[in-house]
>>> print(open('work.cif').read())   # mmCIF, C-alpha atoms
data_query
#
loop_
_atom_site.label_atom_id
_atom_site.label_comp_id
_atom_site.auth_asym_id
_atom_site.auth_seq_id
_atom_site.Cartn_x
_atom_site.Cartn_y
_atom_site.Cartn_z
CA MET A 1 -2.90 -24.17 10.35
CA PRO A 2 -4.49 -27.61 10.12
CA GLN A 3 -5.71 -29.26 13.32
CA TYR A 4 -3.17 -32.09 13.27
CA SER A 5 -0.27 -29.64 13.46
CA GLN A 6 -0.61 -29.52 17.26
CA PHE A 7 0.92 -33.00 17.36
CA GLN A 8 3.78 -32.06 15.06
CA PRO A 9 7.13 -30.61 16.08
CA LYS A 10 7.25 -26.86 15.74
CA PRO A 11 8.48 -25.53 12.38
CA TYR A 12 11.28 -22.99 12.29
CA ARG A 13 9.92 -19.50 11.73
CA PRO A 14 12.53 -17.30 10.08
CA ARG A 15 12.68 -13.68 11.11
CA MET A 16 13.84 -11.00 8.76
CA SER A 17 16.93 -9.11 9.78
CA ALA A 18 16.45 -5.40 10.50
CA PHE A 19 19.00 -4.82 7.73
CA TRP A 20 17.27 -7.00 5.13
CA TYR A 21 17.73 -4.34 2.46
CA PHE A 22 21.49 -5.01 2.41
CA ASP A 23 20.85 -8.62 1.37
CA ARG A 24 20.31 -7.92 -2.30
CA TRP A 25 20.97 -5.01 -4.63
CA PRO A 26 17.30 -4.58 -5.79
CA PHE A 27 16.22 -4.28 -2.14
CA LEU A 28 18.86 -1.61 -1.48
CA LEU A 29 17.81 0.25 -4.63
CA PHE A 30 14.20 0.14 -3.42
CA VAL A 31 15.13 1.57 0.00
CA LEU A 32 17.24 4.29 -1.64
CA ARG A 33 14.28 5.10 -3.90
CA GLU A 34 11.99 5.46 -0.89
CA LEU A 35 14.63 7.46 0.98
CA SER A 36 14.97 9.81 -1.98
CA SER A 37 11.59 11.38 -1.18
CA PHE A 38 13.18 13.10 1.85
CA PHE A 39 15.70 14.75 -0.46
CA VAL A 40 12.93 15.77 -2.89
CA ALA A 41 11.11 17.37 0.06
CA TYR A 42 14.35 19.12 1.13
CA PHE A 43 14.83 20.56 -2.38
CA ALA A 44 11.22 21.78 -2.38
CA VAL A 45 11.76 23.54 0.96
CA LEU A 46 15.05 25.00 -0.30
CA ILE A 47 13.28 26.48 -3.34
CA LEU A 48 10.58 27.98 -1.07
CA VAL A 49 13.30 29.55 1.08
CA GLN A 50 14.94 30.88 -2.10
CA ILE A 51 11.67 32.46 -3.26
CA TYR A 52 11.19 33.94 0.20
CA ALA A 53 14.75 35.38 0.15
CA LEU A 54 14.13 36.77 -3.35
CA SER A 55 10.98 38.54 -2.20
CA ALA A 56 12.74 39.90 0.91
CA GLY A 57 15.16 41.98 -1.14
CA PRO A 58 18.75 41.92 -2.48
CA THR A 59 20.48 41.71 0.94
CA ALA A 60 18.44 38.69 1.99
CA TYR A 61 19.10 37.01 -1.35
CA ALA A 62 22.85 37.68 -1.11
CA GLY A 63 22.74 36.09 2.37
CA PHE A 64 20.94 33.07 0.91
CA GLN A 65 23.56 32.75 -1.84
CA ALA A 66 26.39 33.02 0.68
CA CYS A 67 24.76 30.25 2.71
CA LEU A 68 24.66 28.02 -0.41
CA ARG A 69 28.41 28.58 -0.95
CA ASN A 70 29.18 26.88 2.35
CA PRO A 71 31.11 23.63 1.51
CA LEU A 72 28.74 21.61 3.69
CA MET A 73 25.76 22.97 1.76
CA ILE A 74 27.47 22.18 -1.53
CA ILE A 75 28.01 18.56 -0.43
CA LEU A 76 24.44 18.29 0.85
CA ASN A 77 23.01 19.71 -2.37
CA ALA A 78 25.21 17.48 -4.55
CA VAL A 79 23.98 14.41 -2.64
CA THR A 80 20.43 15.72 -2.88
CA LEU A 81 20.79 16.15 -6.65
CA LEU A 82 21.90 12.52 -6.99
CA PHE A 83 18.93 11.33 -4.94
CA VAL A 84 16.49 13.51 -6.88
CA LEU A 85 17.82 12.04 -10.14
CA LEU A 86 17.45 8.54 -8.69
CA HIS A 87 13.91 9.44 -7.64
CA ALA A 88 13.05 10.68 -11.12
CA VAL A 89 14.57 7.74 -12.99
CA THR A 90 13.13 5.01 -10.73
CA TRP A 91 9.63 6.47 -10.79
CA PHE A 92 9.73 7.15 -14.54
CA ASN A 93 10.61 3.51 -15.01
CA LEU A 94 7.62 2.51 -12.88
CA VAL A 95 5.16 4.46 -15.03
CA PRO A 96 4.46 1.47 -17.33
CA ARG A 97 3.34 -0.43 -14.19
CA VAL A 98 0.43 1.88 -13.50
CA MET A 99 -0.57 3.36 -16.84
CA VAL A 100 -3.14 1.85 -19.10
CA ARG A 101 -0.96 0.85 -22.00
CA GLU A 102 -3.41 0.04 -24.72
CA VAL A 103 -3.64 2.42 -27.63
CA THR A 104 -6.15 1.51 -30.33
CA GLY A 105 -6.16 -2.08 -29.11
CA ARG A 106 -2.39 -2.48 -29.25
CA GLN A 107 -0.18 -3.02 -26.23
CA LEU A 108 2.65 -0.50 -25.99
CA SER A 109 6.11 -1.55 -24.84
CA ASP A 110 7.40 -0.41 -21.42
CA PHE A 111 9.98 1.74 -23.17
CA LEU A 112 7.37 3.66 -25.19
CA VAL A 113 5.29 4.35 -22.09
CA ALA A 114 8.24 5.52 -19.97
CA SER A 115 10.05 7.57 -22.63
CA PRO A 116 7.72 10.66 -22.78
CA ASN A 117 8.62 11.35 -19.14
CA TYR A 118 12.30 11.39 -20.05
CA PHE A 119 11.67 13.67 -23.03
CA VAL A 120 9.76 16.18 -20.90
CA PHE A 121 12.41 15.92 -18.15
CA ILE A 122 15.31 16.50 -20.55
CA GLY A 123 13.41 19.27 -22.36
CA ALA A 124 12.54 21.13 -19.13
CA SER A 125 16.13 20.72 -17.87
CA ALA A 126 17.46 22.12 -21.15
CA ILE A 127 15.23 25.21 -20.91
CA VAL A 128 16.34 25.82 -17.30
CA ALA A 129 19.98 25.34 -18.34
CA LEU A 130 19.57 27.91 -21.15
CA PHE A 131 18.24 30.43 -18.61
CA ILE A 132 21.07 29.76 -16.15
CA LEU A 133 23.71 30.05 -18.87
CA ARG A 134 21.98 33.32 -19.97
CA ILE A 135 21.52 32.10 -23.54
CA LEU A 136 17.79 32.84 -23.42
CA MET B 1 35.67 -27.39 -15.48
CA ALA B 2 36.21 -29.21 -12.19
CA ASP B 3 34.64 -32.64 -11.75
CA THR B 4 32.83 -31.84 -8.54
CA ILE B 5 31.13 -28.92 -6.83
CA ILE B 6 30.29 -28.23 -3.18
CA LEU B 7 26.63 -27.83 -2.26
CA GLU B 8 25.89 -26.20 1.09
CA VAL B 9 22.42 -27.45 1.93
CA ALA B 10 20.20 -26.16 4.75
CA ARG B 11 19.44 -28.85 7.33
CA PHE B 12 16.76 -28.56 9.97
CA LEU B 13 15.23 -31.30 12.05
CA PRO B 14 12.39 -29.83 14.12
CA GLU B 15 12.73 -32.41 16.90
CA ARG B 16 16.39 -31.57 17.39
CA ASP B 17 17.30 -28.13 16.04
CA THR B 18 16.22 -24.65 16.96
CA GLU B 19 17.34 -23.17 13.65
CA PRO B 20 18.69 -24.43 10.30
CA THR B 21 22.40 -25.10 9.79
CA TYR B 22 24.24 -25.68 6.51
CA GLN B 23 25.83 -29.02 5.63
CA SER B 24 28.33 -29.35 2.78
CA PHE B 25 28.14 -32.12 0.19
CA GLU B 26 30.50 -32.75 -2.68
CA VAL B 27 28.56 -33.75 -5.79
CA PRO B 28 29.61 -34.44 -9.40
CA LEU B 29 29.48 -31.35 -11.61
CA ARG B 30 27.80 -32.50 -14.79
CA GLY B 31 26.98 -30.10 -17.59
CA ASP B 32 23.43 -31.40 -17.99
CA TRP B 33 22.53 -31.41 -14.30
CA MET B 34 20.07 -29.07 -12.72
CA VAL B 35 20.37 -28.15 -9.03
CA LEU B 36 17.52 -30.59 -8.37
CA ASP B 37 19.57 -33.42 -9.89
CA ALA B 38 22.37 -32.64 -7.46
CA LEU B 39 19.92 -32.74 -4.52
CA THR B 40 18.54 -36.07 -5.78
CA TYR B 41 22.13 -37.35 -5.97
CA ILE B 42 22.69 -36.34 -2.34
CA LYS B 43 19.50 -38.09 -1.27
CA ASP B 44 20.28 -41.27 -3.25
CA GLN B 45 24.03 -41.55 -2.65
CA LEU B 46 25.14 -39.44 0.30
CA ASP B 47 22.42 -38.79 2.85
CA GLY B 48 18.95 -40.31 2.54
CA THR B 49 17.57 -38.15 5.36
CA LEU B 50 17.62 -34.95 3.26
CA GLY B 51 14.09 -33.62 2.82
CA PHE B 52 12.95 -31.59 -0.19
CA ARG B 53 9.91 -31.34 -2.45
CA TRP B 54 9.90 -32.07 -6.14
CA SER B 55 7.60 -33.65 -8.67
CA CYS B 56 7.55 -32.96 -12.41
CA ARG B 57 11.22 -31.99 -13.02
CA MET B 58 10.14 -29.82 -15.95
CA GLY B 59 9.16 -26.50 -14.41
CA ILE B 60 5.40 -26.91 -14.39
CA CYS B 61 4.38 -28.34 -10.99
CA GLY B 62 5.98 -25.58 -8.92
CA SER B 63 7.11 -27.91 -6.11
CA CYS B 64 10.89 -27.52 -6.15
CA GLY B 65 11.23 -23.81 -5.42
CA MET B 66 14.24 -23.09 -3.17
CA MET B 67 16.71 -20.33 -2.47
CA VAL B 68 19.78 -20.90 -4.62
CA ASN B 69 22.58 -18.58 -3.49
CA GLY B 70 19.94 -16.37 -1.90
CA VAL B 71 17.74 -16.09 -5.00
CA PRO B 72 14.40 -17.93 -5.30
CA LYS B 73 14.59 -20.46 -8.15
CA LEU B 74 12.86 -23.54 -9.46
CA THR B 75 15.72 -25.99 -8.88
CA CYS B 76 14.57 -28.24 -11.72
CA GLU B 77 15.35 -25.55 -14.28
CA THR B 78 18.45 -23.99 -12.71
CA LEU B 79 21.66 -25.32 -14.22
CA LEU B 80 24.18 -26.45 -11.62
CA SER B 81 27.13 -25.58 -13.87
CA ASN B 82 26.08 -21.90 -13.79
CA PHE B 83 27.39 -21.81 -10.23
CA ALA B 84 30.79 -23.41 -10.92
CA PRO B 85 33.25 -23.46 -9.25
CA GLY B 86 30.87 -23.14 -6.29
CA PRO B 87 30.07 -23.55 -3.51
CA VAL B 88 26.30 -23.27 -4.06
CA ARG B 89 24.12 -22.53 -1.07
CA ILE B 90 20.66 -24.14 -1.15
CA GLY B 91 18.07 -23.07 1.41
CA PRO B 92 14.32 -23.37 1.87
CA LEU B 93 12.19 -20.60 0.33
CA ASP B 94 12.54 -17.38 2.32
CA HIS B 95 9.70 -16.02 4.47
CA PHE B 96 7.97 -19.38 5.06
CA PRO B 97 8.08 -21.54 8.19
CA VAL B 98 10.43 -24.50 7.67
CA ILE B 99 9.10 -27.99 8.44
CA LYS B 100 12.28 -29.90 7.65
CA ASP B 101 15.49 -29.18 5.70
CA LEU B 102 14.23 -27.60 2.44
CA VAL B 103 10.52 -28.25 3.00
CA ILE B 104 8.37 -25.25 3.86
CA GLU B 105 4.95 -24.89 5.41
CA MET B 106 2.62 -23.41 2.77
CA GLU B 107 -0.65 -23.14 4.68
CA GLY B 108 -0.32 -19.36 4.91
CA PHE B 109 -0.06 -19.04 1.15
CA LEU B 110 -2.94 -21.46 0.51
CA GLY B 111 -5.12 -19.49 2.95
CA ASN B 112 -4.33 -16.25 1.12
CA LEU B 113 -5.07 -17.91 -2.20
CA GLN B 114 -8.47 -19.12 -1.02
CA LYS B 115 -9.38 -15.69 0.34
CA VAL B 116 -9.29 -14.09 -3.14
CA ARG B 117 -11.63 -16.75 -4.58
CA PRO B 118 -9.49 -17.68 -7.59
CA TRP B 119 -12.23 -19.38 -9.55
CA ILE B 120 -15.08 -18.19 -11.77
CA VAL B 121 -17.70 -16.59 -9.54
CA ARG B 122 -21.19 -16.13 -10.99
CA LYS B 123 -24.07 -14.22 -9.47
CA ASP B 124 -26.65 -15.88 -11.69
CA ASP B 125 -27.40 -19.57 -12.11
CA PHE B 126 -24.79 -20.15 -14.77
CA LYS B 127 -25.50 -23.28 -16.79
CA PRO B 128 -24.13 -22.67 -20.27
CA GLN B 129 -25.60 -24.85 -22.99
CA ARG B 130 -22.58 -24.35 -25.24
CA GLU B 131 -19.08 -22.90 -25.07
CA PHE B 132 -18.75 -19.46 -23.58
CA LEU B 133 -17.35 -17.37 -26.41
CA GLN B 134 -14.45 -15.05 -25.72
CA THR B 135 -12.65 -12.79 -28.15
CA PRO B 136 -8.87 -13.15 -28.55
CA ALA B 137 -8.53 -9.65 -27.06
CA GLN B 138 -10.53 -10.68 -23.97
CA LEU B 139 -8.34 -13.75 -23.56
CA GLU B 140 -5.17 -11.72 -24.03
CA GLY B 141 -6.26 -9.46 -21.16
CA PHE B 142 -5.80 -12.16 -18.53
CA LYS B 143 -3.86 -14.92 -20.27
CA GLN B 144 -0.46 -14.21 -18.74
CA TYR B 145 -1.90 -14.56 -15.21
CA THR B 146 -3.23 -18.05 -16.00
CA LEU B 147 0.38 -19.22 -16.37
CA CYS B 148 0.99 -18.98 -12.59
CA ILE B 149 2.00 -22.39 -11.19
CA ASN B 150 1.74 -21.45 -7.47
CA CYS B 151 5.44 -22.11 -6.91
CA MET B 152 5.64 -19.31 -4.32
CA LEU B 153 8.93 -17.94 -5.65
CA CYS B 154 7.31 -14.50 -5.75
CA TYR B 155 6.52 -14.76 -2.03
CA ALA B 156 10.12 -15.70 -1.28
CA ALA B 157 11.28 -12.73 -3.37
CA CYS B 158 8.96 -10.23 -1.67
CA PRO B 159 10.38 -8.54 1.45
CA VAL B 160 6.92 -7.15 2.25
CA TYR B 161 5.60 -10.70 2.70
CA GLY B 162 8.60 -11.46 4.90
CA LEU B 163 7.86 -8.48 7.11
CA ASP B 164 4.06 -8.93 7.12
CA PRO B 165 2.87 -12.53 6.61
CA GLU B 166 -0.72 -11.21 6.52
CA PHE B 167 0.01 -9.62 3.11
CA THR B 168 -2.16 -11.34 0.49
CA GLY B 169 0.94 -11.51 -1.70
CA PRO B 170 1.85 -11.36 -5.40
CA ALA B 171 0.57 -14.70 -6.76
CA ALA B 172 -2.81 -14.52 -4.99
CA ILE B 173 -3.41 -10.97 -6.22
CA ALA B 174 -2.29 -11.86 -9.76
CA LEU B 175 -4.75 -14.79 -9.73
CA ALA B 176 -7.51 -12.55 -8.39
CA GLU B 177 -6.81 -10.21 -11.29
CA ARG B 178 -6.84 -13.20 -13.66
CA TYR B 179 -10.48 -13.89 -12.71
CA ASN B 180 -11.45 -10.21 -12.46
CA LEU B 181 -10.39 -9.72 -16.08
CA ASP B 182 -12.14 -12.89 -17.27
CA SER B 183 -15.31 -12.02 -19.19
CA ARG B 184 -17.11 -15.04 -17.67
CA ASP B 185 -16.52 -13.93 -14.09
CA GLN B 186 -18.78 -11.74 -11.93
CA GLY B 187 -16.87 -11.88 -8.64
CA ALA B 188 -14.78 -8.69 -8.91
CA GLU B 189 -16.81 -6.95 -6.22
CA GLU B 190 -16.36 -9.77 -3.70
CA ARG B 191 -12.62 -9.84 -4.38
CA THR B 192 -12.39 -6.08 -3.92
CA ASP B 193 -13.45 -6.55 -0.28
CA VAL B 194 -10.33 -8.68 0.29
CA LEU B 195 -7.92 -6.94 -2.05
CA SER B 196 -8.63 -3.33 -1.12
CA GLN B 197 -7.75 -3.99 2.53
CA HIS B 198 -4.41 -2.76 3.79
CA ASP B 199 -3.15 -6.37 3.81
CA GLY B 200 -4.23 -6.62 0.17
CA ILE B 201 -2.86 -4.45 -2.61
CA TRP B 202 -1.92 -1.48 -0.43
CA ASP B 203 0.81 -3.39 1.41
CA CYS B 204 2.74 -3.62 -1.86
CA THR B 205 5.54 -1.05 -2.11
CA VAL B 206 6.45 -1.75 -5.78
CA ILE B 207 9.83 -3.41 -5.36
CA GLY B 208 9.05 -5.53 -8.43
CA GLU B 209 11.10 -8.54 -7.34
CA CYS B 210 8.04 -10.82 -7.63
CA SER B 211 7.92 -10.25 -11.39
CA ARG B 212 11.66 -10.84 -11.76
CA ALA B 213 11.48 -14.07 -9.71
CA CYS B 214 8.58 -15.58 -11.66
CA PRO B 215 9.76 -18.60 -13.67
CA LYS B 216 6.65 -18.37 -15.88
CA HIS B 217 7.09 -14.67 -16.71
CA VAL B 218 3.84 -13.72 -15.04
CA ASP B 219 3.93 -10.10 -13.93
CA PRO B 220 2.30 -10.01 -10.46
CA SER B 221 3.70 -6.54 -9.80
CA LEU B 222 1.81 -5.25 -12.84
CA ALA B 223 -1.40 -6.94 -11.62
CA ILE B 224 -1.10 -5.28 -8.22
CA GLN B 225 -0.38 -1.79 -9.59
CA GLN B 226 -3.19 -2.07 -12.16
CA TYR B 227 -5.52 -3.19 -9.40
CA LYS B 228 -4.48 -0.22 -7.25
CA LEU B 229 -5.54 1.97 -10.18
CA THR B 230 -8.90 0.16 -10.48
CA ALA B 231 -9.53 0.36 -6.72
CA THR B 232 -8.71 4.08 -6.66
CA LYS B 233 -11.04 4.77 -9.60
CA GLU B 234 -13.81 2.77 -7.91
CA TRP B 235 -13.29 4.69 -4.67
CA PHE B 236 -13.52 8.04 -6.46
CA LYS B 237 -16.59 6.87 -8.34
CA SER B 238 -18.35 5.76 -5.15
CA TRP B 239 -17.40 9.06 -3.52
CA LEU B 240 -18.51 11.29 -6.40
CA LEU B 241 -21.53 9.23 -7.41
CA PRO B 242 -22.77 7.59 -4.19
CA TRP B 243 -26.09 6.81 -5.86
CA GLY B 244 -24.48 5.00 -8.80
CA ASN B 245 -23.98 1.25 -8.83
CA LYS B 246 -25.59 0.39 -5.49
#
>>> encode(input="work.cif", output="structure tokens")
Amino acid sequence: MPQYSQFQPKPYRPRMSAFWYFDRWPFLLFVLRELSSFFVAYFAVLILVQIYALSAGPTAYAGFQACLRNPLMIILNAVTLLFVLLHAVTWFNLVPRVMVREVTGRQLSDFLVASPNYFVFIGASAIVALFILRIL
Amino acid sequence: MADTIILEVARFLPERDTEPTYQSFEVPLRGDWMVLDALTYIKDQLDGTLGFRWSCRMGICGSCGMMVNGVPKLTCETLLSNFAPGPVRIGPLDHFPVIKDLVIEMEGFLGNLQKVRPWIVRKDDFKPQREFLQTPAQLEGFKQYTLCINCMLCYAACPVYGLDPEFTGPAAIALAERYNLDSRDQGAEERTDVLSQHDGIWDCTVIGECSRACPKHVDPSLAIQQYKLTATKEWFKSWLLPWGNK
């Protein structure tokens, strides 16, 4: 602040609303992206519990499966899946922001830098799907 | 198309008001008018007390940045007819103290800008006898950041700056990167001391709105993320090779 400002009327200092992320769609998308990490963590814990149940024997695993069939768990896991997909897509799209994008002196487009992540993601999902559908 | 459009313009007189209010003006809706033309019309024909900044009217001076329907825009290159039938809400740039009506206090931004030393810093006594040669590739490395016109739209677009006014901010970091990448500059180390603070690059949460708001298509978000990468590499290097460099 310059010295002379003490003789000036006070400017208005805006304060951001606690719900600023509802102001614009990109802000809301950002907050949802950040929030999605909780769901990623939940899925990770769920998989650990699944592995634990698997190692504890068939009865424990049947109990785990029964727990997953609970309608509330189905809703929770469906929501989690949506958030995990949002997490993957938003962060894949941010890859061109942080990667060095020069190959043999030529600048690659954002699409070219982001696409390998999608290919690996789709490929890995396809292999998992083949296992689940008992094709492999 | 209707002949007129309503402009809701933020009014704030510091001697009288505690916070801004919006006043409606009916202005002609002309196909070739920018939002700035409509504001000039208000000042000339309807209310001479309206305060706003402008200068070049051709998107290069960076003075006329305002919030147009909640989005930071250079009003001299934002077509009024895009908002027909209206009303259009014009406010001062978000996240800055308001001095009067649409005029903001920019000392905070100028302070941040000065902190990153956005000029060519030399350690030696640099008195070139002829032009300093640069390859096209070297120029290309930083050229986009030289296009910044300090209009502060990126600050108005950045919620992080709104929440933490100490944040160095998109334009200042992009300009720091502009000089860091310049082959004539030797000040990268000095800038790191400012930029690698929490208030520097690490405050940025990658929302990316700064890059979308930029009227000159500078990509401050890219500069910040690339600098995060550089700072992390430097940190690892100093940790693994403490005897190197210094």
>>> interface_residues(input="work.cif", of="chain B", to="chain A", cutoff="10 Å", atoms="only C-alpha atoms", output="PyMOL selection string")
chain B and resi 12-20+70-71+94-101+103-108+111+137+157-159+162-163+205-209+219+221-230
>>> resolve_selection(input="work.cif", expression="the PyMOL selection byres ((chain B and resi 172) around 10)", output="list in words")
Phe109, Leu110, Gly111, Asn112, Leu113, Gln114, Lys115, Val116, Arg117, Pro118, Cys148, Asn150, Met152, Tyr155, Phe167, Thr168, Gly169, Pro170, Ala171, Ile173, Ala174, Leu175, Ala176, Glu177, Arg178, Leu195, Gly200, Pro220 and Ile224 of chain B
>>> write_last_selection(input="work.cif", atoms="C-alpha atoms", output="PDB file, in the frame of the given file")
ATOM      1  CA  PHE B 109      -0.060 -19.040   1.150  1.00  0.00           C
ATOM      2  CA  LEU B 110      -2.940 -21.460   0.510  1.00  0.00           C
ATOM      3  CA  GLY B 111      -5.120 -19.490   2.950  1.00  0.00           C
ATOM      4  CA  ASN B 112      -4.330 -16.250   1.120  1.00  0.00           C
ATOM      5  CA  LEU B 113      -5.070 -17.910  -2.200  1.00  0.00           C
ATOM      6  CA  GLN B 114      -8.470 -19.120  -1.020  1.00  0.00           C
ATOM      7  CA  LYS B 115      -9.380 -15.690   0.340  1.00  0.00           C
ATOM      8  CA  VAL B 116      -9.290 -14.090  -3.140  1.00  0.00           C
ATOM      9  CA  ARG B 117     -11.630 -16.750  -4.580  1.00  0.00           C
ATOM     10  CA  PRO B 118      -9.490 -17.680  -7.590  1.00  0.00           C
ATOM     11  CA  CYS B 148       0.990 -18.980 -12.590  1.00  0.00           C
ATOM     12  CA  ASN B 150       1.740 -21.450  -7.470  1.00  0.00           C
ATOM     13  CA  MET B 152       5.640 -19.310  -4.320  1.00  0.00           C
ATOM     14  CA  TYR B 155       6.520 -14.760  -2.030  1.00  0.00           C
ATOM     15  CA  PHE B 167       0.010  -9.620   3.110  1.00  0.00           C
ATOM     16  CA  THR B 168      -2.160 -11.340   0.490  1.00  0.00           C
ATOM     17  CA  GLY B 169       0.940 -11.510  -1.700  1.00  0.00           C
ATOM     18  CA  PRO B 170       1.850 -11.360  -5.400  1.00  0.00           C
ATOM     19  CA  ALA B 171       0.570 -14.700  -6.760  1.00  0.00           C
ATOM     20  CA  ILE B 173      -3.410 -10.970  -6.220  1.00  0.00           C
ATOM     21  CA  ALA B 174      -2.290 -11.860  -9.760  1.00  0.00           C
ATOM     22  CA  LEU B 175      -4.750 -14.790  -9.730  1.00  0.00           C
ATOM     23  CA  ALA B 176      -7.510 -12.550  -8.390  1.00  0.00           C
ATOM     24  CA  GLU B 177      -6.810 -10.210 -11.290  1.00  0.00           C
ATOM     25  CA  ARG B 178      -6.840 -13.200 -13.660  1.00  0.00           C
ATOM     26  CA  LEU B 195      -7.920  -6.940  -2.050  1.00  0.00           C
ATOM     27  CA  GLY B 200      -4.230  -6.620   0.170  1.00  0.00           C
ATOM     28  CA  PRO B 220       2.300 -10.010 -10.460  1.00  0.00           C
ATOM     29  CA  ILE B 224      -1.100  -5.280  -8.220  1.00  0.00           C
TER      30      ILE B 224
END
>>> residues_around(input="work.cif", residues="region 118-125 of chain A", least_positions_apart="6", cutoff="9 Å", atoms="only C-alpha atoms", output="number ranges by chain")
A: 88-89, 92
>>> closest_residue(input="work.cif", among="B:Asp203, B:Asp185, B:Glu8, B:Asp44", to="Phe132 (chain B)", atoms="only C-alpha atoms")
B:Asp185
>>> residues_around(input="work.cif", residues="Arg30 (chain B)", least_positions_apart="3", cutoff="10 Å", atoms="only C-alpha atoms", output="JSON, numbers by chain")
{"B": [1, 2, 3, 4, 5, 27, 33, 34, 37, 38, 79, 80, 81]}
>>> write_last_selection(input="work.cif", atoms="C-alpha atoms", output="CSV table (one decimal), keeping the file's coordinate frame")
chain,number,residue,atom,x,y,z
B,1,MET,CA,35.7,-27.4,-15.5
B,2,ALA,CA,36.2,-29.2,-12.2
B,3,ASP,CA,34.6,-32.6,-11.8
B,4,THR,CA,32.8,-31.8,-8.5
B,5,ILE,CA,31.1,-28.9,-6.8
B,27,VAL,CA,28.6,-33.8,-5.8
B,33,TRP,CA,22.5,-31.4,-14.3
B,34,MET,CA,20.1,-29.1,-12.7
B,37,ASP,CA,19.6,-33.4,-9.9
B,38,ALA,CA,22.4,-32.6,-7.5
B,79,LEU,CA,21.7,-25.3,-14.2
B,80,LEU,CA,24.2,-26.4,-11.6
B,81,SER,CA,27.1,-25.6,-13.9
>>> resolve_selection(input="work.cif", expression="the PyMOL selection byres ((chain A and resi 114) around 7)", output="MDAnalysis selection string")
chainID A and resid 92:93 95:96 110:113 115:117
>>> closest_residue(input="work.cif", among="B:Gln23, B:Thr78, B:Thr135, B:Gln144", to="Leu50 (chain B)", atoms="all atoms listed in the file")
B:Gln23
